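Enquirer: Here you go, this is start.cif (mmCIF, C-alpha atoms).
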data_final
#
loop_
_atom_site.label_atom_id
_atom_site.label_comp_id
_atom_site.auth_asym_id
_atom_site.auth_seq_id
_atom_site.Cartn_x
_atom_site.Cartn_y
_atom_site.Cartn_z
CA MET A 11 0.00 0.00 0.00
CA ALA A 12 2.73 2.43 1.01
CA GLU A 13 4.58 1.58 -2.18
CA TRP A 14 1.50 2.40 -4.21
CA LEU A 15 1.06 5.70 -2.41
CA ARG A 16 4.66 6.57 -3.10
CA LEU A 17 4.27 5.71 -6.76
CA ILE A 18 1.14 7.85 -7.05
CA LEU A 19 2.84 10.76 -5.30
CA PHE A 20 5.84 10.38 -7.58
CA ALA A 21 3.64 10.32 -10.67
CA LEU A 22 1.62 13.34 -9.56
CA LEU A 23 4.75 15.39 -8.83
CA LEU A 24 6.34 14.35 -12.11
CA ILE A 25 3.24 15.24 -14.12
CA ALA A 26 2.86 18.57 -12.33
CA GLY A 27 6.49 19.40 -12.98
CA LEU A 28 6.20 18.45 -16.64
CA ILE A 29 3.09 20.60 -17.04
CA ILE A 30 4.94 23.56 -15.54
CA GLN A 31 7.92 22.97 -17.82
CA LEU A 32 5.61 22.70 -20.81
CA THR A 33 4.01 25.99 -19.84
CA ALA A 34 7.43 27.56 -19.55
CA VAL A 35 8.49 26.32 -22.98
CA LEU A 36 5.25 27.50 -24.54
CA GLY A 37 5.58 30.86 -22.84
CA VAL A 38 9.16 31.39 -23.98
CA ASN A 39 8.20 30.60 -27.54
CA ARG A 40 4.79 32.26 -27.75
CA PHE A 41 5.19 35.52 -25.83
CA HIS A 42 6.54 38.47 -27.72
CA TYR A 43 8.01 40.79 -25.14
CA VAL A 44 11.24 40.03 -23.30
CA LEU A 45 9.87 40.41 -19.80
CA ASN A 46 7.00 38.03 -20.44
CA ARG A 47 9.45 35.50 -21.77
CA VAL A 48 11.76 35.95 -18.79
CA HIS A 49 8.81 35.39 -16.52
CA ALA A 50 7.90 32.15 -18.27
CA ALA A 51 11.47 30.88 -18.31
CA GLY A 52 12.00 31.73 -14.65
CA MET A 53 8.89 29.75 -13.71
CA GLY A 54 10.26 26.63 -15.37
CA ASP A 55 13.63 27.01 -13.66
CA THR A 56 12.17 27.34 -10.18
CA LEU A 57 8.75 25.78 -9.72
CA GLY A 58 9.02 23.22 -12.50
CA LEU A 59 12.49 22.15 -11.47
CA MET A 60 11.47 21.89 -7.83
CA LEU A 61 8.50 19.66 -8.64
CA LEU A 62 10.62 17.42 -10.84
CA CYS A 63 13.31 17.18 -8.18
CA LEU A 64 10.70 16.40 -5.52
CA ALA A 65 9.50 13.60 -7.76
CA ALA A 66 13.06 12.33 -7.99
CA ILE A 67 13.40 12.52 -4.20
CA VAL A 68 10.20 10.52 -3.71
CA TYR A 69 11.45 7.99 -6.23
CA ALA A 70 14.86 7.67 -4.59
CA GLY A 71 13.52 7.35 -1.06
CA ALA A 72 15.85 7.70 1.90
CA ASP A 73 19.21 7.91 0.18
CA TRP A 74 22.25 10.17 0.13
CA ILE A 75 21.33 11.18 -3.40
CA VAL A 76 18.45 13.20 -1.91
CA LEU A 77 21.02 15.64 -0.57
CA LYS A 78 22.45 16.17 -4.03
CA ILE A 79 19.00 16.78 -5.50
CA VAL A 80 18.26 19.31 -2.75
CA LEU A 81 21.54 21.02 -3.61
CA ILE A 82 20.52 21.22 -7.26
CA VAL A 83 17.25 22.88 -6.31
CA ALA A 84 19.03 25.27 -3.93
CA PHE A 85 21.55 26.21 -6.61
CA PHE A 86 18.87 26.89 -9.19
CA TRP A 87 16.74 28.88 -6.77
CA LEU A 88 19.75 30.99 -5.98
CA THR A 89 20.85 31.63 -9.54
CA SER A 90 17.77 31.62 -11.75
CA PRO A 91 15.91 34.52 -10.08
CA VAL A 92 19.12 36.58 -10.10
CA CYS A 93 19.43 35.89 -13.80
CA SER A 94 15.85 36.95 -14.45
CA HIS A 95 16.35 40.05 -12.33
CA LEU A 96 19.45 41.08 -14.27
CA LEU A 97 17.71 40.51 -17.59
CA GLY A 98 14.79 42.62 -16.40
CA ARG A 99 17.06 45.44 -15.29
CA LEU A 100 18.92 45.31 -18.57
CA VAL A 101 15.67 45.53 -20.51
CA GLN A 102 14.44 48.38 -18.37
CA GLU A 103 17.65 50.35 -18.87
CA THR A 104 18.19 49.75 -22.55
CA ASP A 105 14.85 49.10 -24.24
CA GLU A 106 13.56 52.24 -25.91
CA LYS A 107 10.02 50.88 -26.16
CA PHE A 108 9.98 49.90 -22.51
CA SER A 109 7.40 52.45 -21.40
CA SER A 110 4.91 51.33 -24.04
CA GLU A 111 5.29 47.68 -23.07
CA ALA A 112 5.53 47.79 -19.31
CA LYS A 113 4.91 50.05 -16.40
CA LEU A 114 7.60 50.81 -13.87
CA TRP A 115 6.38 51.11 -10.31
CA LYS A 116 8.10 53.94 -8.58
CA SER A 117 8.94 52.99 -5.02
CA MET B 75 48.64 65.97 -50.71
CA LYS B 76 51.66 63.93 -49.69
CA LYS B 77 49.82 60.67 -49.43
CA LYS B 78 51.39 57.89 -51.41
CA ALA B 79 49.82 54.77 -52.79
CA ASP B 80 51.43 52.54 -50.21
CA PRO B 81 49.44 49.41 -49.46
CA PHE B 82 51.25 48.93 -46.17
CA ARG B 83 50.33 52.39 -45.10
CA ALA B 84 46.70 51.74 -45.91
CA LEU B 85 46.79 48.44 -44.08
CA LYS B 86 48.50 49.99 -41.09
CA SER B 87 45.99 52.77 -40.89
CA TRP B 88 43.17 50.27 -41.29
CA ILE B 89 44.53 48.05 -38.50
CA GLU B 90 45.16 50.93 -36.15
CA ASN B 91 42.03 52.93 -36.67
CA GLY B 92 39.52 50.66 -38.33
CA ASP B 93 37.31 51.55 -41.21
CA ASP B 94 36.43 54.97 -39.87
CA ALA B 95 39.91 56.32 -40.28
CA LEU B 96 40.17 55.16 -43.86
CA ASP B 97 36.81 56.62 -44.69
CA LEU B 98 37.93 59.81 -43.03
CA GLU B 99 41.06 59.85 -45.16
CA ILE B 100 39.02 59.35 -48.30
CA GLN B 101 36.65 62.04 -47.18
CA GLU B 102 39.53 64.42 -46.65
CA GLU B 103 40.79 63.73 -50.12
CA MET B 104 37.39 64.30 -51.57
CA ASP B 105 37.22 67.61 -49.76
CA ASP B 106 40.51 68.55 -51.36
CA GLU B 107 39.07 67.73 -54.71
CA ALA B 108 36.52 70.43 -54.29
CA THR B 109 39.13 73.19 -54.07
CA PRO B 110 39.22 74.68 -57.55
CA ALA B 111 42.54 76.52 -57.32
CA LEU B 112 44.46 74.00 -59.35
CA THR B 113 45.48 73.68 -62.92
CA GLU B 114 43.78 71.02 -64.92
CA GLU B 115 46.95 69.01 -65.34
CA ALA B 116 47.73 69.04 -61.67
CA GLY B 117 44.13 68.12 -61.07
CA ARG B 118 44.35 65.09 -63.32
CA LYS B 119 47.56 64.03 -61.65
CA ARG B 120 45.95 64.38 -58.31
CA GLU B 121 42.97 62.43 -59.43
CA LYS B 122 45.23 59.55 -60.32
CA LYS B 123 46.88 59.68 -56.93
CA LYS B 124 43.65 60.24 -55.09
CA ARG B 125 42.11 56.89 -55.78
CA ASP B 126 45.23 55.06 -54.86
CA PRO B 127 44.80 54.36 -51.14
CA VAL B 128 41.33 53.00 -51.81
CA ARG B 129 42.48 50.91 -54.71
CA ALA B 130 45.48 49.70 -52.76
CA ARG B 131 43.23 48.63 -49.94
CA ARG B 132 40.89 46.83 -52.34
CA ARG B 133 43.83 45.11 -53.98
CA LEU B 134 45.16 44.12 -50.60
CA GLU B 135 41.82 42.74 -49.50
CA GLY B 136 41.41 40.86 -52.77
CA GLY B 137 44.88 39.37 -52.47
CA TYR B 138 44.16 38.46 -48.89
CA ALA B 139 40.93 36.69 -49.86
CA VAL B 140 42.64 34.73 -52.63
CA ALA B 141 45.48 33.74 -50.32
CA ALA B 142 43.03 32.70 -47.62
CA VAL B 143 41.09 30.51 -50.04
CA LEU B 144 44.29 28.93 -51.33
CA VAL B 145 45.59 28.19 -47.84
CA CYS B 146 42.24 26.71 -46.83
CA LEU B 147 42.12 24.53 -49.94
CA ALA B 148 45.65 23.30 -49.33
CA LEU B 149 44.80 22.48 -45.71
CA ILE B 150 41.59 20.70 -46.72
CA GLY B 151 43.49 18.70 -49.30
CA ALA B 152 46.17 17.70 -46.80
CA LEU B 153 43.62 16.73 -44.17
CA VAL B 154 41.46 14.74 -46.57
CA TYR B 155 44.54 12.96 -47.89
CA ALA B 156 45.58 12.11 -44.35
CA ALA B 157 42.06 10.98 -43.46
CA LEU B 158 42.00 8.62 -46.42
CA GLN B 159 45.12 6.91 -45.07
CA LEU B 160 43.47 6.18 -41.73
CA PRO B 161 42.34 2.65 -40.94
CA ALA B 162 38.63 1.98 -41.28
CA PHE B 163 36.55 2.99 -38.31
CA GLY B 164 35.48 0.13 -36.10
CA GLY B 165 37.25 -2.52 -38.13
CA ALA B 166 38.11 -5.68 -36.24
CA ASP B 167 41.66 -5.78 -37.55
CA THR B 168 42.58 -2.16 -36.91
CA LEU B 169 44.97 -1.79 -34.05
CA VAL B 170 43.20 1.12 -32.39
CA ASP B 171 39.92 -0.73 -32.00
CA SER B 172 41.23 -4.15 -31.15
CA GLU B 173 44.28 -3.73 -28.98
CA VAL B 174 44.78 -0.19 -27.76
CA SER B 175 41.47 0.20 -25.96
CA ALA B 176 41.82 -3.17 -24.30
CA PHE B 177 45.34 -2.28 -23.24
CA TYR B 178 44.15 0.97 -21.66
CA VAL B 179 41.29 -0.68 -19.82
CA GLU B 180 43.54 -3.36 -18.46
CA ASN B 181 46.66 -1.42 -17.60
CA THR B 182 45.77 2.20 -16.85
CA LEU B 183 45.10 1.67 -13.15
CA LYS B 184 48.17 -0.48 -12.70
CA GLU B 185 50.58 1.75 -14.59
CA THR B 186 49.42 5.26 -13.76
CA GLY B 187 47.46 4.83 -10.55
CA ALA B 188 44.46 6.67 -11.99
CA VAL B 189 41.05 5.26 -11.09
CA ASN B 190 39.56 7.52 -13.74
CA ILE B 191 40.96 5.89 -16.86
CA VAL B 192 40.29 8.95 -19.00
CA THR B 193 42.63 11.04 -16.86
CA GLY B 194 45.23 8.29 -17.02
CA ILE B 195 45.03 8.34 -20.79
CA ILE B 196 44.95 12.08 -21.43
CA LEU B 197 47.63 13.04 -18.90
CA ASP B 198 49.87 10.04 -19.18
CA TYR B 199 49.66 7.94 -22.31
CA ARG B 200 48.60 10.92 -24.36
CA GLY B 201 50.21 13.62 -22.26
CA PHE B 202 51.75 15.21 -25.33
CA ASP B 203 48.31 15.82 -26.78
CA THR B 204 47.14 17.49 -23.58
CA LEU B 205 50.23 19.67 -23.51
CA GLY B 206 49.29 20.78 -27.01
CA GLU B 207 45.74 21.50 -25.90
CA SER B 208 46.95 23.67 -23.03
CA HIS B 209 49.15 25.56 -25.45
CA VAL B 210 46.28 25.97 -27.89
CA LEU B 211 44.36 27.71 -25.13
CA PHE B 212 47.39 29.84 -24.37
CA ILE B 213 47.83 30.76 -28.04
CA ALA B 214 44.15 31.61 -28.32
CA VAL B 215 44.33 33.97 -25.38
CA CYS B 216 47.57 35.49 -26.75
CA THR B 217 45.83 36.22 -30.04
CA VAL B 218 42.86 37.77 -28.29
CA LEU B 219 45.25 39.86 -26.20
CA LEU B 220 47.00 41.05 -29.36
CA LEU B 221 43.74 42.01 -31.02
CA LEU B 222 41.65 43.38 -28.18
CA SER B 223 43.97 44.46 -25.40
CA ILE B 224 44.07 48.17 -24.64
CA ARG B 225 46.92 47.70 -22.18
CA GLY B 226 49.78 49.97 -23.15
CA ASP B 227 47.81 51.40 -26.04
CA LYS B 228 49.33 54.66 -27.22
CA ASN B 229 45.95 55.87 -28.37
CA ALA B 230 44.64 57.51 -25.21
CA ASP B 231 41.26 58.12 -26.83
CA ARG B 232 40.71 54.43 -27.35
CA ILE B 233 41.44 53.65 -23.70
CA ALA B 234 39.12 56.42 -22.55
CA ARG B 235 36.41 55.20 -24.93
CA GLU B 236 36.68 51.62 -23.72
CA GLU B 237 36.61 52.73 -20.10
CA ALA B 238 33.55 54.85 -20.70
CA PHE B 239 31.79 52.28 -22.81
CA ASP B 240 32.50 49.41 -20.44
CA ARG B 241 29.07 48.18 -19.38
CA HIS B 242 27.48 51.42 -20.42
CA PHE B 243 24.12 49.75 -20.69
CA GLU B 244 24.50 47.06 -18.10
CA PRO B 245 23.39 47.34 -14.51
CA ARG B 246 26.37 48.22 -12.38
CA ASP B 247 26.87 47.13 -8.79
CA ASP B 248 23.62 45.24 -8.69
CA GLU B 249 22.80 44.37 -5.08
CA VAL B 250 20.88 41.22 -5.91
CA LEU B 251 23.74 39.88 -8.01
CA GLN B 252 26.22 40.84 -5.31
CA GLY B 253 24.23 39.01 -2.68
CA ALA B 254 24.05 35.88 -4.81
CA ALA B 255 27.72 36.14 -5.78
CA ARG B 256 28.74 36.46 -2.14
CA ILE B 257 27.20 33.07 -1.44
CA LEU B 258 27.98 31.39 -4.76
CA THR B 259 31.55 32.41 -5.56
CA PRO B 260 33.26 30.51 -2.73
CA LEU B 261 31.12 27.45 -3.42
CA VAL B 262 31.85 27.56 -7.13
CA LEU B 263 35.59 27.99 -6.56
CA VAL B 264 35.73 25.17 -4.02
CA PHE B 265 33.75 22.94 -6.35
CA GLY B 266 36.18 23.70 -9.18
CA LEU B 267 39.13 22.83 -6.95
CA TYR B 268 37.37 19.64 -5.87
CA ILE B 269 36.89 18.56 -9.46
CA ILE B 270 40.52 19.28 -10.28
CA ALA B 271 41.86 17.53 -7.17
CA ASN B 272 39.72 14.46 -7.82
CA GLY B 273 40.51 14.38 -11.51
CA HIS B 274 42.26 11.03 -11.29
CA LEU B 275 39.61 9.50 -9.05
CA SER B 276 36.26 10.61 -10.41
CA PRO B 277 34.91 12.18 -13.60
CA GLY B 278 36.41 15.59 -14.14
CA GLY B 279 39.92 16.90 -14.28
CA GLY B 280 41.88 19.94 -15.22
CA PHE B 281 39.78 21.15 -18.11
CA SER B 282 36.33 20.92 -16.54
CA GLY B 283 37.52 22.06 -13.11
CA GLY B 284 39.43 24.95 -14.65
CA ALA B 285 36.34 26.03 -16.57
CA ILE B 286 34.38 26.08 -13.29
CA LEU B 287 37.12 28.10 -11.59
CA GLY B 288 37.09 30.56 -14.45
CA ALA B 289 33.30 30.83 -14.25
CA GLY B 290 33.58 31.58 -10.53
CA LEU B 291 36.09 34.34 -11.22
CA ILE B 292 33.86 35.79 -13.92
CA LEU B 293 30.87 35.73 -11.58
CA TYR B 294 32.81 37.58 -8.89
CA GLN B 295 34.09 40.11 -11.39
CA ASN B 296 30.60 40.64 -12.78
CA ALA B 297 29.18 41.34 -9.36
CA PHE B 298 31.90 43.41 -7.77
CA GLY B 299 33.70 45.04 -10.67
CA TYR B 300 37.32 45.50 -11.59
CA ARG B 301 38.52 47.27 -8.47
CA LYS B 302 37.73 44.40 -6.12
CA THR B 303 38.90 41.70 -8.50
CA GLU B 304 42.21 43.46 -8.94
CA ARG B 305 43.04 42.72 -5.34
CA PHE B 306 43.70 39.10 -6.18
CA PHE B 307 43.65 38.72 -9.95
CA THR B 308 45.52 41.12 -12.19
CA TYR B 309 47.29 40.93 -15.50
CA ARG B 310 50.46 39.97 -13.64
CA THR B 311 48.68 37.08 -11.93
CA PHE B 312 47.36 35.87 -15.24
CA LYS B 313 50.76 36.12 -16.87
CA TRP B 314 52.74 34.38 -14.17
CA VAL B 315 50.21 31.66 -13.42
CA SER B 316 49.86 30.76 -17.09
CA LEU B 317 53.60 30.84 -17.66
CA ALA B 318 54.43 28.83 -14.55
CA SER B 319 51.76 26.23 -15.31
CA LEU B 320 52.81 25.67 -18.90
CA LEU B 321 56.49 25.62 -17.92
CA PHE B 322 55.85 23.07 -15.20
CA TYR B 323 53.92 20.85 -17.59
CA SER B 324 56.61 21.10 -20.25
CA LEU B 325 59.44 20.43 -17.81
CA ALA B 326 57.69 17.60 -16.02
CA LYS B 327 56.76 15.77 -19.19
CA GLY B 328 59.14 17.11 -21.82
CA TYR B 329 61.84 14.53 -21.27
CA HIS B 330 59.48 11.66 -21.97
CA PHE B 331 58.11 13.20 -25.12
CA PHE B 332 61.55 13.26 -26.64
CA THR B 333 62.56 9.81 -25.49
CA GLY B 334 59.33 8.43 -26.91
CA ALA B 335 58.30 6.11 -24.12
CA ASN B 336 54.92 4.39 -24.30
CA HIS B 337 54.02 4.74 -20.68
CA LEU B 338 55.66 7.94 -19.61
CA GLU B 339 57.27 6.85 -16.39
CA ASN B 340 58.03 9.56 -13.93
CA GLY B 341 59.79 7.74 -11.11
CA ILE B 342 57.07 8.65 -8.65
CA SER B 343 55.21 5.60 -7.43
CA PRO B 344 51.52 5.56 -8.38
CA GLY B 345 50.58 5.21 -4.71
CA THR B 346 47.45 3.63 -3.37
CA ALA B 347 44.74 3.82 -5.97
CA GLY B 348 41.80 5.83 -4.66
CA ASN B 349 43.76 8.25 -2.47
CA ILE B 350 43.97 11.89 -3.40
CA LEU B 351 47.75 11.73 -3.24
CA SER B 352 48.19 8.99 -5.78
CA GLY B 353 48.79 8.65 -9.46
CA GLY B 354 52.22 10.27 -9.43
CA LEU B 355 52.30 13.32 -11.65
CA LEU B 356 48.60 13.23 -12.54
CA LEU B 357 47.48 15.44 -9.66
CA PRO B 358 49.97 18.30 -10.22
CA LEU B 359 49.41 18.08 -13.96
CA ASN B 360 45.67 18.35 -13.45
CA PHE B 361 46.29 21.40 -11.29
CA VAL B 362 48.42 23.19 -13.85
CA VAL B 363 45.97 22.42 -16.64
CA GLY B 364 43.17 23.75 -14.44
CA CYS B 365 45.15 26.94 -13.76
CA VAL B 366 45.75 27.51 -17.46
CA VAL B 367 42.07 26.95 -18.31
CA ALA B 368 40.82 29.21 -15.52
CA CYS B 369 43.21 32.00 -16.47
CA THR B 370 42.26 31.65 -20.13
CA MET B 371 38.54 31.80 -19.43
CA TYR B 372 38.89 34.87 -17.27
CA ALA B 373 41.28 36.61 -19.66
CA LEU B 374 38.98 36.00 -22.64
CA TYR B 375 36.07 37.46 -20.67
CA THR B 376 37.92 40.60 -19.66
CA MET B 377 39.36 41.08 -23.13
CA PHE B 378 35.97 40.95 -24.78
CA ARG B 379 34.41 43.12 -22.11
CA LYS B 380 36.89 45.95 -21.85
CA GLY B 381 40.27 44.95 -23.17
CA ASP B 382 42.04 45.13 -19.87
CA PHE B 383 42.11 43.33 -16.56
#
The structure in this file should be written as structure tokens.
Expert:
Amino acid sequence: MAEWLRLILFALLLIAGLIIQLTAVLGVNRFHYVLNRVHAAGMGDTLGLMLLCLAAIVYAGADWIVLKIVLIVAFFWLTSPVCSHLLGRLVQETDEKFSSEAKLWKS
Amino acid sequence: MKKKADPFRALKSWIENGDDALDLEIQEEMDDEATPALTEEAGRKREKKKRDPVRARRRLEGGYAVAAVLVCLALIGALVYAALQLPAFGGADTLVDSEVSAFYVENTLKETGAVNIVTGIILDYRGFDTLGESHVLFIAVCTVLLLLSIRGDKNADRIAREEAFDRHFEPRDDEVLQGAARILTPLVLVFGLYIIANGHLSPGGGFSGGAILGAGLILYQNAFGYRKTERFFTYRTFKWVSLASLLFYSLAKGYHFFTGANHLENGISPGTAGNILSGGLLLPLNFVVGCVVACTMYALYTMFRKGDF
């Protein structure tokens, strides 16, 4: 029974992760403005990757490899948002059509 | 107009100042043309001279293109000829497929002390090839330095322009990037060192570890800028580390290359397989290759970004 539950959990996480990744790929290819694309790509790198890695953790069970998978997620969560942030700042500073495409909130 | 139809002069001006300068020169000459205070004969003479720098440059470029095509064709011919002489790929009776691989699989651990057979092959049996690869990297970075470096440039304008243009559009001193780099850089550098140090035990080695080290340096430089990076990595560091690494490699292995040994014995015992300090020369060689690769990566980045360290 427990094995079946684990399998179902694994499958659900895997499918959820794949759906997120699919959304990210579609978004990167279908959106037209840079920031929308960055948003889509960032989602795949964080949420999608986390779900897939959780699926891998459930599949692996109690094993040292879990630590490595957690490290992968930590690394991506540290780097991918920074990357998106830098891309966004670059767009905001260099794109001439920025004001017609997006609105900058003054803090 | 004292300008002469000297192709070298045109080339020199083109190399030093780019297309703009040449266009400027032509423009100047065209401006001169407009001054009417000249006899017709002198004018005709001048007209003949006037075109010359342009024509010389065209001739030079044409000659260069023809020479390039010829050299490429000769190289292609030589390579194809050599490739035709090679034994058939995957044939049962070719030595490479039947005996050499089996020999490596059987003897690498015993002879070199490397658990990772690939490292044993590339740094021991085929150490000469790896020495060449390190030098290829070094030559590549030398060429880029020649072309892009603004160090010691006599043209003060160019230096000022590069300094001003450096990351003109890019976010400078980004706090988010700095925060991430503060956490990531040490981890990345340690990971690179780990991969280099375990090159003879696990997948990895000098090239991959060096690339990670270089990436760590680039990340730090990106986040904190030139001033902070200069505290530990300058042009002098690059120069001496590259030189020392390549010299060490050449000296440590050079003797064997010339004596033509199969297994390049070094007199150091391979040690206990599986320990970090084993495999004789493999560990120091991995380190020097890693140093060369890291320096090359970082130098290429700085050259393309600004042209100076």
Enquirer: Run the PyMOL selection byres ((chain A) within 9 of (chain B)) mentally over the shown coordinates, then write out the matched residues as a PyMOL selection string, using the chain letters and numbers from the document.
Expert: chain A and resi 85+88-89+92-93+95-96+99-100+103-104
Enquirer: Contacts of segment 61-63 of chain A at 6 Å or less, counting all atoms listed in the file, minus same-chain residues fewer than 4 places along, as a list in words?
Expert: Leu23, Leu24 and Gly27 of chain A
Enquirer: Within 12 Å of segment 49-51 of chain A, counting all atoms listed in the file, which residues show up once you throw out same-chain ones fewer than 4 positions away? Write them as number ranges by chain, please.
Expert: A: 30-45, 55-59, 90-91, 93-95, 97-98
Enquirer: Using atom CA of Leu221 of chain B and atom CA of Gly151 of chain B as the two end points, give the distance in Å to one decimal.
Expert: 29.6 Å
Enquirer: Give me the residues within 10 Å of Leu114 of chain A as a short mmCIF file (atom, residue, chain, number, x, y, z; two decimals) with C-alpha atoms, in the coordinates of the input, counting only C-alpha atoms and dropping any in the same chain fewer than 4 places off.
Expert:
data_model
loop_
_atom_site.label_atom_id
_atom_site.label_comp_id
_atom_site.auth_asym_id
_atom_site.auth_seq_id
_atom_site.Cartn_x
_atom_site.Cartn_y
_atom_site.Cartn_z
CA GLN A 102 14.44 48.38 -18.37
CA PHE A 108 9.98 49.90 -22.51
CA SER A 109 7.40 52.45 -21.40
#
Enquirer: Please provide the set of residues having any atom within 8 Å of Leu291 of chain B, restricted to only C-alpha atoms, with same-chain residues fewer than 3 positions apart removed, written as a PyMOL selection string.
Expert: chain B and resi 259+263+287-288+294-295+372
Enquirer: Measure the distance from atom CA of Val367 of chain B to atom CA of Leu267 of chain B in Å and round it to one decimal.
Expert: 12.4 Å
Enquirer: Between atom CA of Asn229 of chain B and atom CA of Lys380 of chain B, what is the distance in Å, rounded to a tenth?
Expert: 14.9 Å
Enquirer: Run the PyMOL selection byres ((chain B and resi 309) around 10) mentally over the shown coordinates, then write out the matched residues as a tab-separated table (two decimals) with C-alpha atoms, in the frame of the given file, using the chain letters and numbers from the document.
Expert:
chain	number	residue	atom	x	y	z
B	225	ARG	CA	46.92	47.70	-22.18
B	304	GLU	CA	42.21	43.46	-8.94
B	307	PHE	CA	43.65	38.72	-9.95
B	308	THR	CA	45.52	41.12	-12.19
B	310	ARG	CA	50.46	39.97	-13.64
B	311	THR	CA	48.68	37.08	-11.93
B	312	PHE	CA	47.36	35.87	-15.24
B	313	LYS	CA	50.76	36.12	-16.87
B	314	TRP	CA	52.74	34.38	-14.17
B	315	VAL	CA	50.21	31.66	-13.42
B	369	CYS	CA	43.21	32.00	-16.47
B	373	ALA	CA	41.28	36.61	-19.66
B	382	ASP	CA	42.04	45.13	-19.87
B	383	PHE	CA	42.11	43.33	-16.56
Enquirer: Apply the PyMOL selection byres ((chain B and resi 360-364) around 8) to the file shown and report the selected residues as a list in words.
Expert: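 On the file shown, the PyMOL selection byres ((chain B and resi 360-364) around 8) covers Leu197, Ser208, Ile270, Ala271, Gly273, Gly279, Gly280, Phe281, Ser282, Gly283, Gly284, Ala285, Leu287, Ser319, Leu320, Phe322, Tyr323, Leu356, Leu357, Pro358, Leu359, Cys365, Val366, Val367 and Ala368 of chain B.
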Enquirer: Report as a PyMOL selection string all protein, DNA and RNA residues lying within 12 Å of Phe202 of chain B, evaluated on all atoms listed in the file, omitting residues in the same chain fewer than 3 positions from it.
Expert: chain B and resi 195-199+205-209+323-332+334-338+359
Enquirer: For the selection you just gave me, I'd like the residues written to a file as a CSV table (one decimal), in the coordinates of the input, keeping C-alpha atoms.
Expert:
chain,number,residue,atom,x,y,z
B,195,ILE,CA,45.0,8.3,-20.8
B,196,ILE,CA,45.0,12.1,-21.4
B,197,LEU,CA,47.6,13.0,-18.9
B,198,ASP,CA,49.9,10.0,-19.2
B,199,TYR,CA,49.7,7.9,-22.3
B,205,LEU,CA,50.2,19.7,-23.5
B,206,GLY,CA,49.3,20.8,-27.0
B,207,GLU,CA,45.7,21.5,-25.9
B,208,SER,CA,47.0,23.7,-23.0
B,209,HIS,CA,49.2,25.6,-25.4
B,323,TYR,CA,53.9,20.8,-17.6
B,324,SER,CA,56.6,21.1,-20.2
B,325,LEU,CA,59.4,20.4,-17.8
B,326,ALA,CA,57.7,17.6,-16.0
B,327,LYS,CA,56.8,15.8,-19.2
B,328,GLY,CA,59.1,17.1,-21.8
B,329,TYR,CA,61.8,14.5,-21.3
B,330,HIS,CA,59.5,11.7,-22.0
B,331,PHE,CA,58.1,13.2,-25.1
B,332,PHE,CA,61.6,13.3,-26.6
B,334,GLY,CA,59.3,8.4,-26.9
B,335,ALA,CA,58.3,6.1,-24.1
B,336,ASN,CA,54.9,4.4,-24.3
B,337,HIS,CA,54.0,4.7,-20.7
B,338,LEU,CA,55.7,7.9,-19.6
B,359,LEU,CA,49.4,18.1,-14.0
